[in-house]
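Some notes on the structure that comes next.
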Amino acid sequence: MSNKVYLTNEGFLEIEEELNHLKEVKRPEVIKALKDARALGDLSENADYDAARNEQAQVEGRIKELELLLEKAELIEKKDTDKVGLGATVKIKYIDDDDDIEEYRIVGSKEADPSNDKISNESPLAKGVMGHKVGDICVVESPNGNYNVEILEIK
């Protein structure tokens, strides 16, 4: 299994933005909350202090997670539109249902968002269409059984 994390340029920028927000806004807020809670006195029974410590752990954990993601990131570069690949947007038709035409962008797993038509390169559908051309009929091996799709367009 690869240690690479595939990201589009947009996904990389979103992660960078979240990381900067955590470092420049959330971290100082948590530090202030810790100082304020410490000023209240006895830390052994101080719920505000415990809450601030928990939030600090969450913020620092997320910062480490995002830094690691960016460190392992490999940007998806759109190469050609002859074949379906990472970063491509593909319009497909389900063979069993001619009325069902959908369009998906194939992204890395950390960026996948099916509700916004971004599917992971590790998903059954993406695996089924990767490397194929317009007009190809592809077999998608899914946990619920195999089905066929036709590639209508690649952008």
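Ligands are numbered from 1 in the order shown, residues from 1 within each chain, and chains are lettered A, B, ... in the order they appear in the structure tokens.
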
Fewer than 5 positions away in the same chain doesn't count, so skip those; otherwise give me all residues within 12 Å of segment 20-25 of chain A, counting only C-alpha atoms, as a compact mmCIF listing (two decimals) with N, CA and C atoms, in the first residue's frame.
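around07.txt, written as the output of this step:
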# COMPACT_ATOMS: atom_id res chain seq x y z
N LEU A 13 -5.12 23.04 -1.34
CA LEU A 13 -5.34 24.41 -0.82
C LEU A 13 -6.33 24.42 0.34
N GLU A 14 -7.37 23.58 0.27
CA GLU A 14 -8.34 23.50 1.37
C GLU A 14 -7.67 22.99 2.65
N ILE A 15 -6.82 22.00 2.52
CA ILE A 15 -6.13 21.46 3.69
C ILE A 15 -5.18 22.51 4.25
N VAL A 30 -7.34 28.42 22.17
CA VAL A 30 -7.22 27.36 23.17
C VAL A 30 -6.20 27.74 24.24
N ILE A 31 -5.10 28.33 23.83
CA ILE A 31 -4.07 28.75 24.81
C ILE A 31 -4.65 29.79 25.76
N LYS A 32 -5.44 30.72 25.22
CA LYS A 32 -6.08 31.74 26.07
C LYS A 32 -7.07 31.07 27.04
N GLU A 55 -9.79 20.21 24.24
CA GLU A 55 -9.82 20.92 22.96
C GLU A 55 -8.41 21.11 22.42
N GLN A 56 -7.46 21.37 23.31
CA GLN A 56 -6.08 21.52 22.88
C GLN A 56 -5.57 20.22 22.24
N GLN A 58 -7.36 17.94 20.76
CA GLN A 58 -8.02 17.78 19.46
C GLN A 58 -7.39 18.68 18.40
N VAL A 59 -7.13 19.92 18.75
CA VAL A 59 -6.56 20.87 17.80
C VAL A 59 -5.15 20.43 17.40
N GLU A 60 -4.34 20.07 18.38
CA GLU A 60 -2.96 19.65 18.09
C GLU A 60 -2.94 18.35 17.28
N GLY A 61 -3.87 17.44 17.58
CA GLY A 61 -3.96 16.19 16.83
C GLY A 61 -4.33 16.45 15.37
N ARG A 62 -5.28 17.35 15.16
CA ARG A 62 -5.70 17.69 13.80
C ARG A 62 -4.57 18.39 13.05
N ILE A 63 -3.84 19.26 13.73
CA ILE A 63 -2.70 19.94 13.09
C ILE A 63 -1.68 18.91 12.62
N LYS A 64 -1.35 17.95 13.48
CA LYS A 64 -0.39 16.90 13.09
C LYS A 64 -0.91 16.08 11.91
N GLU A 65 -2.20 15.75 11.94
CA GLU A 65 -2.81 14.97 10.86
C GLU A 65 -2.72 15.72 9.53
N LEU A 66 -3.05 17.01 9.54
CA LEU A 66 -3.02 17.80 8.32
C LEU A 66 -1.59 18.00 7.82
N GLU A 67 -0.65 18.22 8.72
CA GLU A 67 0.75 18.37 8.32
C GLU A 67 1.26 17.09 7.66

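The smallest atom-to-atom distance between Leu68 of chain A and any of A:Lys35, A:Arg105, A:Lys4, A:Lys26, using only C-alpha atoms, is found for A:Lys4.
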
**OP:** as number ranges by chain, list the residues of chain A assigned to strand (DSSP E or B) by DSSP on the backbone atoms of this structure.
**Re:** A: 5-7, 73-75, 89-94, 101-107, 113, 118-120, 137-140, 147-154

Subject >> Near-Asn116 of chain A list (12 Å; only C-alpha atoms; drop same-chain fewer than 4 positions) as a PyMOL selection string >> reply: chain A and resi 102-107+111-112+120

**OP:** Among the residues of segment 27-57 of chain A, find those DSSP assigns to alpha helix (DSSP H) from the backbone and print them as a list in words.
**Re:** Arg27, Pro28, Glu29, Val30, Ile31, Lys32, Ala33, Leu34, Lys35, Asp36, Ala37, Arg38, Ala47, Asp48, Tyr49, Asp50, Ala51, Ala52, Arg53, Asn54, Glu55, Gln56 and Ala57 of chain A

**OP:** Identify, on the basis of only C-alpha atoms, every residue whose closest approach to segment 127-136 of chain A does not exceed 9 Å; exclude the query and any residue fewer than 4 positions from it along the same chain; express the result as a list in words.
**Re:**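 Near segment 127-136 of chain A, the qualifying residues are Thr81, Asp82, Lys83, Val84, Gly85, Leu86, Val90, Asn121, Glu122, Ser123, Val140, Glu141, Asn148, Val149, Glu150, Ile151, Leu152, Glu153 and Ile154 of chain A.
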
**OP:** Find, counting only C-alpha atoms, the residue in A:Pro143, A:Gly41, A:Gly87, A:Pro28 that gets nearest to Gly108 of chain A.
**Re:**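 The closest residue to Gly108 of chain A is A:Gly87.
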
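Using only C-alpha atoms, the nearest neighbour of Ile137 of chain A within the list A:Arg38, A:Lys93, A:Lys118, A:Lys110 is A:Lys93.
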
Subject >> atom CA of Leu34 of chain A to atom CA of Tyr49 of chain A, distance in Å rounded to a single decimal >> reply: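 Between these atoms lies a distance of 5.9 Å.
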
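Using only C-alpha atoms, the smallest distance between any of A:Ile101, A:Cys138, A:Ala88, A:Leu125 and Thr8 of chain A comes from A:Ala88.
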
Subject >> Nearest to Leu19 of chain A by atom-to-atom distance, counting only C-alpha atoms, from A:Thr89, A:Leu70, A:Ala33, A:Val5 >> reply: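 Among A:Thr89, A:Leu70, A:Ala33, A:Val5, it is A:Leu70 that comes nearest to Leu19 of chain A.
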
**OP:** Go ahead and compute the interatomic distance for atom CA of Phe12 of chain A and atom CA of Ala73 of chain A, in Å to one decimal.
**Re:**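 Atom-to-atom, atom CA of Phe12 of chain A and atom CA of Ala73 of chain A are spaced 7.8 Å apart.
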
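The gap separating atom CA of Glu17 of chain A from atom CA of Ala51 of chain A is 25.3 Å, in Å to one decimal.
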
Subject >> Which of A:Glu74, A:Glu29, A:Glu16, A:Asp117 sits closest to Arg53 of chain A [using only C-alpha atoms] >> reply: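 Checking each of A:Glu74, A:Glu29, A:Glu16, A:Asp117 against Arg53 of chain A, counting only C-alpha atoms, the winner is A:Glu29.
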